[in-house]
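**Student:** Below is the file my_file_37.tsv, which contains TSV, C-alpha atoms.
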```tsv
chain	number	residue	atom	x	y	z
A	28	MET	CA	0.00	0.00	0.00
A	29	ASN	CA	1.32	3.46	-0.92
A	30	LYS	CA	2.13	5.90	1.86
A	31	PRO	CA	-0.52	8.60	2.34
A	32	THR	CA	0.10	12.14	1.11
A	33	VAL	CA	-1.03	15.56	2.26
A	34	GLN	CA	-3.55	15.45	-0.58
A	35	ASP	CA	-4.96	12.15	0.78
A	36	ILE	CA	-5.25	13.66	4.27
A	37	PHE	CA	-7.22	16.64	2.99
A	38	ARG	CA	-9.52	14.40	0.96
A	39	HIS	CA	-10.26	12.30	4.03
A	40	PHE	CA	-10.52	14.90	6.81
A	41	TYR	CA	-11.22	18.32	5.30
A	42	THR	CA	-15.02	18.01	5.47
A	43	ALA	CA	-14.78	17.21	9.19
A	44	TYR	CA	-12.34	20.10	9.63
A	45	LEU	CA	-14.90	22.53	8.15
A	46	GLU	CA	-17.45	21.46	10.75
A	47	LYS	CA	-15.14	22.79	13.46
A	48	TYR	CA	-13.09	25.58	11.86
A	49	SER	CA	-13.49	28.34	9.27
A	50	PRO	CA	-10.44	28.74	7.02
A	51	SER	CA	-9.38	32.13	5.72
A	52	PRO	CA	-9.78	32.79	1.97
A	53	GLU	CA	-6.08	32.16	1.41
A	54	GLN	CA	-6.21	28.91	3.40
A	55	ALA	CA	-9.29	27.76	1.49
A	56	LYS	CA	-7.53	28.50	-1.79
A	57	ALA	CA	-4.49	26.46	-0.71
A	58	VAL	CA	-6.73	23.52	0.19
A	59	ARG	CA	-8.59	23.74	-3.11
A	60	ASN	CA	-5.30	23.78	-5.01
A	61	ILE	CA	-3.84	20.83	-3.11
A	62	LEU	CA	-7.01	18.75	-3.54
A	63	ASN	CA	-7.06	19.39	-7.30
A	64	CYS	CA	-3.33	19.21	-8.00
A	65	LYS	CA	-2.47	16.75	-10.80
A	66	THR	CA	-6.03	15.42	-10.94
A	67	GLY	CA	-7.04	16.95	-14.29
A	68	ALA	CA	-9.00	19.77	-12.66
A	69	TYR	CA	-6.40	22.25	-13.92
A	70	GLY	CA	-6.19	20.76	-17.38
A	71	ALA	CA	-3.80	18.38	-19.08
A	72	ASN	CA	-1.11	18.17	-21.71
A	73	ILE	CA	-1.82	15.36	-24.17
A	74	SER	CA	0.91	14.05	-26.47
A	75	VAL	CA	0.71	11.38	-29.18
A	76	CYS	CA	3.67	9.20	-30.18
A	77	GLU	CA	4.62	9.81	-33.80
A	78	ASP	CA	5.74	6.18	-34.16
A	79	CYS	CA	3.18	3.96	-32.39
A	80	GLY	CA	0.30	6.37	-31.77
A	81	ALA	CA	0.31	5.84	-27.99
A	82	VAL	CA	-1.33	8.67	-26.04
A	83	GLN	CA	0.43	10.16	-23.03
A	84	ILE	CA	-1.43	12.44	-20.62
A	85	HIS	CA	0.22	14.75	-18.10
A	86	TYR	CA	-2.10	16.45	-15.62
A	87	ASN	CA	-1.20	20.00	-14.64
A	88	SER	CA	-0.08	20.88	-11.14
A	89	CYS	CA	-1.58	23.63	-9.01
A	90	ARG	CA	1.70	25.54	-8.49
A	91	ASN	CA	0.60	26.66	-5.03
A	92	ARG	CA	3.60	27.42	-2.84
A	93	CYS	CA	2.07	25.40	0.00
A	94	CYS	CA	1.55	22.26	-2.09
A	95	PRO	CA	4.10	19.50	-1.34
A	96	MET	CA	3.83	18.21	-4.92
A	97	CYS	CA	4.82	21.51	-6.56
A	98	GLN	CA	8.07	22.64	-4.93
A	99	ALA	CA	10.82	20.53	-6.51
A	100	VAL	CA	11.27	22.24	-9.89
A	101	PRO	CA	10.74	25.85	-8.63
A	102	LYS	CA	13.31	25.16	-5.90
A	103	GLU	CA	15.88	23.88	-8.39
A	104	MET	CA	15.29	26.81	-10.77
A	105	TRP	CA	15.58	29.35	-7.93
A	106	MET	CA	18.79	27.73	-6.68
A	107	ASP	CA	20.19	27.72	-10.19
A	108	ALA	CA	19.48	31.43	-10.60
A	109	ARG	CA	21.28	32.13	-7.30
A	110	ARG	CA	24.48	30.64	-8.70
A	111	GLU	CA	25.09	34.00	-10.36
A	112	ASP	CA	24.88	35.79	-7.00
A	113	VAL	CA	27.34	33.61	-5.05
A	114	LEU	CA	30.92	34.64	-4.27
A	115	ASP	CA	33.90	32.52	-3.28
A	116	ALA	CA	33.79	33.92	0.25
A	117	PRO	CA	32.64	32.81	3.72
A	118	TYR	CA	28.89	32.49	4.36
A	119	PHE	CA	27.04	32.02	7.64
A	120	HIS	CA	23.57	30.80	8.58
A	121	LEU	CA	21.76	32.83	11.25
A	122	VAL	CA	18.33	32.14	12.74
A	123	PHE	CA	16.31	34.95	14.33
A	124	THR	CA	13.29	34.15	16.48
A	125	VAL	CA	11.18	35.80	19.17
A	126	PRO	CA	9.86	34.53	22.54
A	127	ASP	CA	6.93	32.15	22.01
A	128	ILE	CA	4.75	34.24	24.34
A	129	LEU	CA	4.36	36.58	21.33
A	130	ASN	CA	3.01	33.86	19.06
A	131	PRO	CA	-0.73	34.55	19.63
A	132	VAL	CA	-0.25	38.24	18.79
A	133	ILE	CA	1.88	37.42	15.73
A	134	TYR	CA	-0.70	34.95	14.43
A	135	SER	CA	-3.43	37.59	14.79
A	136	ASN	CA	-1.31	40.07	12.81
A	137	GLN	CA	0.62	37.89	10.41
A	138	LYS	CA	1.38	40.37	7.63
A	139	LEU	CA	2.37	43.17	10.00
A	140	LEU	CA	4.45	41.14	12.43
A	141	TYR	CA	6.08	38.90	9.83
A	142	ASP	CA	7.22	42.12	8.15
A	143	THR	CA	8.45	43.30	11.54
A	144	LEU	CA	10.58	40.15	11.80
A	145	TYR	CA	12.22	41.00	8.47
A	146	HIS	CA	12.70	44.66	9.40
A	147	ALA	CA	14.26	43.85	12.79
A	148	THR	CA	16.51	41.19	11.28
A	149	SER	CA	17.75	43.32	8.38
A	150	THR	CA	18.36	46.48	10.40
A	151	THR	CA	20.17	44.46	13.09
A	152	ILE	CA	22.55	42.98	10.52
A	153	GLN	CA	23.00	46.31	8.75
A	154	GLU	CA	23.76	48.19	11.97
A	155	LEU	CA	26.22	45.66	13.36
A	156	THR	CA	28.10	44.85	10.15
A	157	SER	CA	28.57	48.53	9.29
A	158	ASP	CA	30.14	49.14	12.72
A	159	PRO	CA	33.98	49.19	12.39
A	160	LYS	CA	34.19	47.32	15.71
A	161	HIS	CA	32.68	44.24	14.02
A	162	LEU	CA	33.32	44.53	10.27
A	163	GLY	CA	32.78	48.03	8.95
A	164	ALA	CA	31.43	46.96	5.59
A	165	SER	CA	28.22	46.60	3.58
A	166	VAL	CA	27.30	42.91	3.34
A	167	GLY	CA	24.73	40.87	1.43
A	168	TYR	CA	22.16	38.51	2.91
A	169	ILE	CA	18.99	36.58	2.14
A	170	CYS	CA	16.15	36.29	4.67
A	171	ILE	CA	13.60	33.45	4.51
A	172	LEU	CA	10.56	33.21	6.78
A	173	HIS	CA	9.52	29.88	8.29
A	174	THR	CA	6.51	29.74	10.60
A	175	TRP	CA	6.65	26.12	11.74
A	176	GLY	CA	8.51	23.77	14.02
A	177	SER	CA	9.03	20.10	13.27
A	178	GLU	CA	5.64	19.23	14.80
A	179	MET	CA	3.91	21.87	12.61
A	180	ASN	CA	3.46	24.01	15.70
A	181	PHE	CA	3.45	27.78	15.19
A	182	HIS	CA	7.06	28.95	15.45
A	183	PRO	CA	7.83	32.02	13.30
A	184	HIS	CA	11.52	32.61	12.66
A	185	ILE	CA	13.83	34.02	10.00
A	186	HIS	CA	16.62	32.00	8.37
A	187	THR	CA	19.36	34.32	7.15
A	188	ILE	CA	22.20	33.37	4.81
A	189	LEU	CA	24.83	36.05	5.46
A	190	LEU	CA	27.84	36.82	3.29
A	191	GLY	CA	30.84	36.88	5.64
A	192	GLY	CA	32.42	39.94	4.09
A	193	GLY	CA	31.55	43.09	2.21
A	194	LEU	CA	32.50	46.42	0.73
A	195	THR	CA	33.93	49.19	2.89
A	196	PRO	CA	32.92	52.85	2.32
A	197	LYS	CA	36.05	53.06	0.09
A	198	ASN	CA	34.79	50.12	-2.02
A	199	GLU	CA	37.44	47.76	-0.70
A	200	TRP	CA	36.68	44.13	0.18
A	201	LYS	CA	36.86	43.20	3.86
A	202	ASP	CA	36.20	39.95	5.73
A	203	ASN	CA	37.32	38.12	8.86
A	204	GLY	CA	37.97	34.79	7.17
A	205	THR	CA	35.95	31.84	8.40
A	206	GLU	CA	35.46	33.25	11.89
A	207	PHE	CA	32.02	34.67	12.61
A	208	PHE	CA	32.42	38.39	13.19
A	209	LEU	CA	29.27	39.41	15.10
A	210	PRO	CA	28.95	38.77	18.86
A	211	ILE	CA	25.84	36.74	19.60
A	212	TRP	CA	25.06	38.89	22.65
A	213	ALA	CA	25.09	42.00	20.45
A	214	ILE	CA	22.81	40.40	17.85
A	215	SER	CA	20.36	39.41	20.61
A	216	LYS	CA	20.31	42.84	22.24
A	217	VAL	CA	19.97	44.86	19.03
A	218	PHE	CA	17.40	42.52	17.48
A	219	ARG	CA	15.23	42.56	20.62
A	220	GLY	CA	15.34	46.34	20.76
A	221	LYS	CA	14.39	46.82	17.14
A	222	TYR	CA	11.60	44.25	17.16
A	223	MET	CA	10.09	45.56	20.38
A	224	ASP	CA	10.27	49.19	19.24
A	225	GLU	CA	8.28	48.37	16.11
A	226	LEU	CA	5.80	46.21	18.05
A	227	LYS	CA	5.14	49.01	20.54
A	228	ASN	CA	4.74	51.53	17.71
A	229	LEU	CA	2.12	49.28	16.07
A	230	TRP	CA	0.29	49.08	19.40
A	231	ASN	CA	0.46	52.82	20.01
A	232	THR	CA	-0.95	53.54	16.54
A	233	ASP	CA	-3.79	51.00	16.94
A	234	GLN	CA	-2.65	48.84	14.04
A	235	LEU	CA	-2.72	45.53	15.93
A	236	GLU	CA	-5.66	43.13	16.04
A	237	PHE	CA	-6.29	40.50	18.70
A	238	HIS	CA	-8.16	37.27	18.01
A	239	GLY	CA	-8.47	33.91	19.71
A	240	THR	CA	-5.97	33.42	22.53
A	241	ALA	CA	-4.59	36.93	21.86
A	242	GLU	CA	-7.88	38.66	22.77
A	243	LYS	CA	-6.77	39.31	26.35
A	244	TYR	CA	-4.09	41.68	25.05
A	245	ARG	CA	-6.73	44.17	23.97
A	246	ASN	CA	-6.42	45.32	27.57
A	247	HIS	CA	-3.68	47.91	27.95
A	248	TYR	CA	-2.34	46.42	31.19
A	249	ALA	CA	-2.24	42.89	29.80
A	250	PHE	CA	-0.33	44.10	26.74
A	251	LYS	CA	2.07	46.09	28.93
A	252	GLU	CA	2.70	42.94	30.98
A	253	LEU	CA	3.39	41.02	27.76
A	254	ILE	CA	5.91	43.66	26.67
A	255	ASP	CA	7.67	43.51	30.04
A	256	SER	CA	7.83	39.72	29.84
A	257	CYS	CA	9.43	39.94	26.39
A	258	TYR	CA	12.15	42.24	27.70
A	259	ASP	CA	12.78	39.83	30.58
A	260	ALA	CA	12.96	36.80	28.26
A	261	GLU	CA	16.22	35.67	26.69
A	262	TRP	CA	16.30	36.20	22.93
A	263	VAL	CA	18.67	33.58	21.57
A	264	PRO	CA	19.79	33.92	17.94
A	265	TYR	CA	21.57	30.95	16.44
A	266	CYS	CA	24.60	30.84	14.14
A	267	LYS	CA	26.04	27.94	12.19
A	268	LYS	CA	29.62	27.62	10.96
A	269	THR	CA	30.82	28.86	7.62
A	270	PHE	CA	30.10	26.93	4.41
A	271	ASN	CA	32.80	25.21	2.40
A	272	GLY	CA	32.69	26.64	-1.12
A	273	ALA	CA	30.15	28.38	-3.30
A	274	GLN	CA	28.34	25.19	-4.32
A	275	SER	CA	27.74	24.37	-0.64
A	276	VAL	CA	25.97	27.72	-0.27
A	277	ILE	CA	23.75	27.00	-3.27
A	278	ASP	CA	22.87	23.50	-2.03
A	279	TYR	CA	22.24	24.78	1.49
A	280	LEU	CA	19.86	27.49	0.28
A	281	GLY	CA	17.68	24.81	-1.29
A	282	LYS	CA	17.00	23.30	2.13
A	283	TYR	CA	15.18	26.43	3.26
A	284	THR	CA	13.84	28.48	0.36
A	285	HIS	CA	10.92	26.38	-0.88
A	286	ARG	CA	10.33	24.26	2.21
A	287	ILE	CA	6.76	23.95	3.49
A	288	ALA	CA	5.36	22.92	6.87
A	289	ILE	CA	5.55	19.20	6.06
A	290	SER	CA	6.53	17.16	3.01
A	291	ASN	CA	4.90	13.94	1.85
A	292	HIS	CA	7.89	11.77	2.70
A	293	ARG	CA	7.45	12.51	6.44
A	294	ILE	CA	3.91	11.12	6.54
A	295	ILE	CA	3.97	7.54	7.81
A	296	HIS	CA	0.38	6.36	8.30
A	297	MET	CA	-3.23	7.49	8.14
A	298	ASP	CA	-6.37	5.75	9.40
A	299	ASP	CA	-9.99	6.86	9.83
A	300	GLU	CA	-9.15	9.11	12.77
A	301	ASN	CA	-5.45	9.93	12.94
A	302	VAL	CA	-2.32	10.80	10.99
A	303	THR	CA	1.18	9.70	12.04
A	304	PHE	CA	4.27	11.49	10.78
A	305	SER	CA	7.95	11.80	11.64
A	306	VAL	CA	9.28	14.76	13.64
A	307	LYS	CA	12.67	15.80	14.98
A	308	ASP	CA	13.10	15.78	18.74
A	309	TYR	CA	15.48	18.66	19.38
A	310	ARG	CA	15.64	17.76	23.06
A	311	LYS	CA	17.39	14.58	21.95
A	312	GLU	CA	19.89	16.04	19.46
A	313	GLY	CA	17.43	16.07	16.57
A	314	GLN	CA	16.61	12.37	16.64
A	315	TRP	CA	13.57	11.36	14.59
A	316	LYS	CA	10.45	10.09	16.32
A	317	GLU	CA	6.81	9.53	15.40
A	318	LEU	CA	3.94	11.85	16.30
A	319	THR	CA	0.24	11.02	15.93
A	320	LEU	CA	-2.42	13.72	15.59
A	321	SER	CA	-6.09	13.59	14.73
A	322	GLY	CA	-6.68	14.28	11.04
A	323	ILE	CA	-8.52	17.50	11.91
A	324	GLU	CA	-5.66	18.73	14.08
A	325	PHE	CA	-3.16	17.86	11.34
A	326	ILE	CA	-5.08	20.06	8.89
A	327	ARG	CA	-5.43	22.87	11.45
A	328	ARG	CA	-1.68	22.92	12.01
A	329	PHE	CA	-0.89	22.69	8.30
A	330	LEU	CA	-3.13	25.65	7.45
A	331	MET	CA	-1.57	27.84	10.14
A	332	HIS	CA	1.44	28.12	7.84
A	333	VAL	CA	-0.32	29.35	4.71
A	334	PRO	CA	1.24	32.82	4.27
A	335	PRO	CA	-0.82	35.96	3.68
A	336	ARG	CA	-1.83	36.73	0.11
A	337	ARG	CA	1.10	37.81	-2.07
A	338	PHE	CA	3.43	37.74	0.92
A	339	VAL	CA	7.10	37.64	-0.14
A	340	ARG	CA	8.91	34.98	1.91
A	341	ILE	CA	12.38	35.27	0.33
A	342	ARG	CA	13.94	38.75	0.57
A	343	HIS	CA	17.35	40.03	-0.52
A	344	TYR	CA	19.30	42.79	1.19
A	345	GLY	CA	22.53	44.78	0.97
A	346	LEU	CA	24.83	43.63	-1.82
A	347	LEU	CA	22.12	41.21	-2.99
A	348	CYS	CA	19.43	43.87	-3.38
A	349	SER	CA	18.13	43.61	-6.95
A	350	ARG	CA	18.60	47.33	-7.66
A	351	SER	CA	22.37	47.25	-7.27
A	352	LYS	CA	23.57	43.66	-7.02
A	353	HIS	CA	24.90	43.37	-10.59
A	354	LYS	CA	27.26	46.33	-10.18
A	355	LYS	CA	28.30	45.55	-6.61
A	356	LEU	CA	28.77	41.81	-7.04
A	357	THR	CA	30.87	42.43	-10.14
A	358	LEU	CA	33.08	44.74	-8.07
A	359	CYS	CA	33.33	42.12	-5.31
A	360	ARG	CA	34.39	39.44	-7.80
A	361	ASN	CA	37.05	41.70	-9.23
A	362	LEU	CA	38.40	42.48	-5.76
A	363	LEU	CA	38.36	38.82	-4.73
A	364	GLY	CA	39.62	37.54	-8.05
A	365	CYS	CA	36.88	34.88	-8.17
A	366	LYS	CA	34.87	33.63	-11.11
A	367	LYS	CA	31.18	34.14	-11.80
A	368	TYR	CA	29.07	30.99	-11.54
A	369	LEU	CA	26.65	30.85	-14.45
A	370	SER	CA	23.07	29.62	-14.44
A	371	ARG	CA	22.65	26.20	-16.02
A	372	LEU	CA	18.91	26.44	-16.63
A	373	ARG	CA	18.35	30.02	-17.77
A	374	ALA	CA	16.36	30.32	-21.03
A	375	LYS	CA	15.82	26.55	-21.25
A	376	GLU	CA	12.42	25.02	-21.95
A	377	MET	CA	10.81	22.71	-19.39
A	378	PRO	CA	11.63	19.47	-21.30
A	379	GLU	CA	15.32	20.42	-21.23
A	380	ILE	CA	15.13	21.38	-17.55
A	381	LEU	CA	13.53	18.08	-16.54
A	382	LYS	CA	16.09	16.12	-18.55
A	383	GLN	CA	19.00	17.97	-16.98
A	384	LEU	CA	17.68	17.83	-13.41
A	385	TYR	CA	16.17	14.37	-13.24
A	386	GLY	CA	17.20	12.56	-16.41
A	387	ILE	CA	13.56	12.47	-17.52
A	388	ASN	CA	12.94	12.83	-21.26
A	389	ILE	CA	9.28	13.74	-21.64
A	390	CYS	CA	9.65	13.72	-25.43
A	391	VAL	CA	10.21	9.94	-25.52
A	392	CYS	CA	7.26	7.53	-25.73
A	393	LYS	CA	7.01	5.23	-22.72
A	394	SER	CA	5.52	2.47	-24.88
A	395	CYS	CA	7.96	2.20	-27.78
A	396	GLY	CA	10.72	4.73	-27.13
A	397	GLY	CA	9.63	6.74	-30.15
A	398	HIS	CA	9.27	10.51	-30.38
A	399	LEU	CA	6.29	12.21	-28.75
A	400	GLY	CA	4.82	15.10	-30.69
A	401	LYS	CA	4.10	18.44	-29.06
A	402	PRO	CA	1.01	18.46	-26.83
A	403	GLN	CA	-2.05	18.56	-29.07
A	404	LEU	CA	-4.47	19.74	-26.43
A	405	ARG	CA	-4.11	22.00	-23.44
A	406	ILE	CA	-7.06	22.60	-21.13
A	407	PRO	CA	-6.18	25.14	-18.43
A	408	GLN	CA	-8.94	25.39	-15.85
A	409	ARG	CA	-7.76	27.27	-12.79
A	410	CYS	CA	-10.06	27.25	-9.77
```
Represent the structure from my file as structure tokens, please.

**Tutor:**
Amino acid sequence: MNKPTVQDIFRHFYTAYLEKYSPSPEQAKAVRNILNCKTGAYGANISVCEDCGAVQIHYNSCRNRCCPMCQAVPKEMWMDARREDVLDAPYFHLVFTVPDILNPVIYSNQKLLYDTLYHATSTTIQELTSDPKHLGASVGYICILHTWGSEMNFHPHIHTILLGGGLTPKNEWKDNGTEFFLPIWAISKVFRGKYMDELKNLWNTDQLEFHGTAEKYRNHYAFKELIDSCYDAEWVPYCKKTFNGAQSVIDYLGKYTHRIAISNHRIIHMDDENVTFSVKDYRKEGQWKELTLSGIEFIRRFLMHVPPRRFVRIRHYGLLCSRSKHKKLTLCRNLLGCKKYLSRLRAKEMPEILKQLYGINICVCKSCGGHLGKPQLRIPQRC
């Protein structure tokens, strides 16, 4: 028997979920897309073999960024495009998160407070790296929002891939080698200050909403107590060691950019009531274990991580900002004496991309090995 998929879980439990919860329009759209992905609801490409006449049908995918069946090719194409932005220089992985006591307020104000996470992260890095005590240079970095933990619990945090060097005000290259150059205590203090300042400003200007378990913070004294608790809590950013080589940076990016709350390969079992899937136990050095949830609870947790409409999850800053990266990265390469890594997939058609990535030739007939003609019929029907 085949292992169940996220699509199977929604087919089995979504009706029961609707009896208990009301999804947002964006969540409902994600569910509709996942349920209809590769079923024919969004049309099909039909090819006929020119040699034996066999018919081959390929059902279209939904292309929703929350669908576990639609991330592989976009991830590879995004990673390939980033090859042109990578330098032969040190890179570091930083993770920025906030105390979990803020989670109810963040979930009630996702667009605003996710943006605040990006703002606090980027201004913290910009302020510290430009300080001559730490580096004194303009650096480049990519920020990626994740909102989940391994158990699909709500855990918003920013993954940052930081270039370990940059351009000084005199346009000279400067780095500290493979040693991380920002004190963790300084990152924690500055990040907390910037995030809390923006949070308090949103409160003072009545821009925050409070729903569900966050409703108690409508009260001024309760919100003030929450703010005080956040200042008392320890904000612990995390830093990993430098990468070994440009290709390692590219491969590492792929682990985070197009990841969703859970992938199909982690789902182990489904019955009439429950879903069992694998999770990492970080209290035991990241060992894998099994977790069983009711099907309704599984869907509730999954849908918590559908981002707001048109929300940009991957953002580029500093030397990687799209307005100036071509000029500045060219200067960096000249100063470092390193080569430019070229995209392998740019301007290629999908058949070529699939052949290069996976060795799949969609122009070859599966029946006789003959040549498949171009699709004769295309029926796009987007819900």

**Student:** Write out as a list in words each polymer residue whose atoms come within 12 Å of A:Phe325, counting all atoms listed in the file; drop sequence neighbours fewer than 5 positions from it.

**Tutor:**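 Counting only the stated atoms, we get Val33, Ile36, Phe37, His39, Phe40, Tyr41, Ala43, Tyr44, Glu178, Met179, Asn180, Ala288, Ile289, Ile294, Met297, Glu300, Asn301, Val302, Thr303, Phe304, Leu318, Thr319, Leu320, Leu330, Met331 and His332 of chain A.
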
**Student:** Would you pick out the contacts of stretch 229-241 of chain A at 6 Å or less, using all atoms listed in the file, so that residues sharing its chain but fewer than 6 positions from it are not included, and give the list as an MDAnalysis selection string?

**Tutor:** chainID A and resid 131:132 135

**Student:** Centre and edge lengths, as JSON, for the axis-aligned box enclosing every listed atom of stretch 206-212 of chain A with 5 Å of padding on each of the six sides, in Å to one decimal?

**Tutor:**
```
{"center_x": 30.3, "center_y": 36.3, "center_z": 17.3, "size_x": 20.4, "size_y": 16.2, "size_z": 20.8}
```

**Student:** So how far away is atom CA of A:Arg286 from atom CA of A:Asn91, in Å?

**Tutor:**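 Computed distance, atom CA of A:Asn91 to atom CA of A:Arg286, equals 12.4 Å.
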
**Student:** Hey, which of A:Ile254, A:Leu155, A:Ala260, A:Leu190 ends up closest to A:Pro210? Count only C-alpha atoms.

**Tutor:**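 Smallest distance to A:Pro210 is found for A:Leu155.
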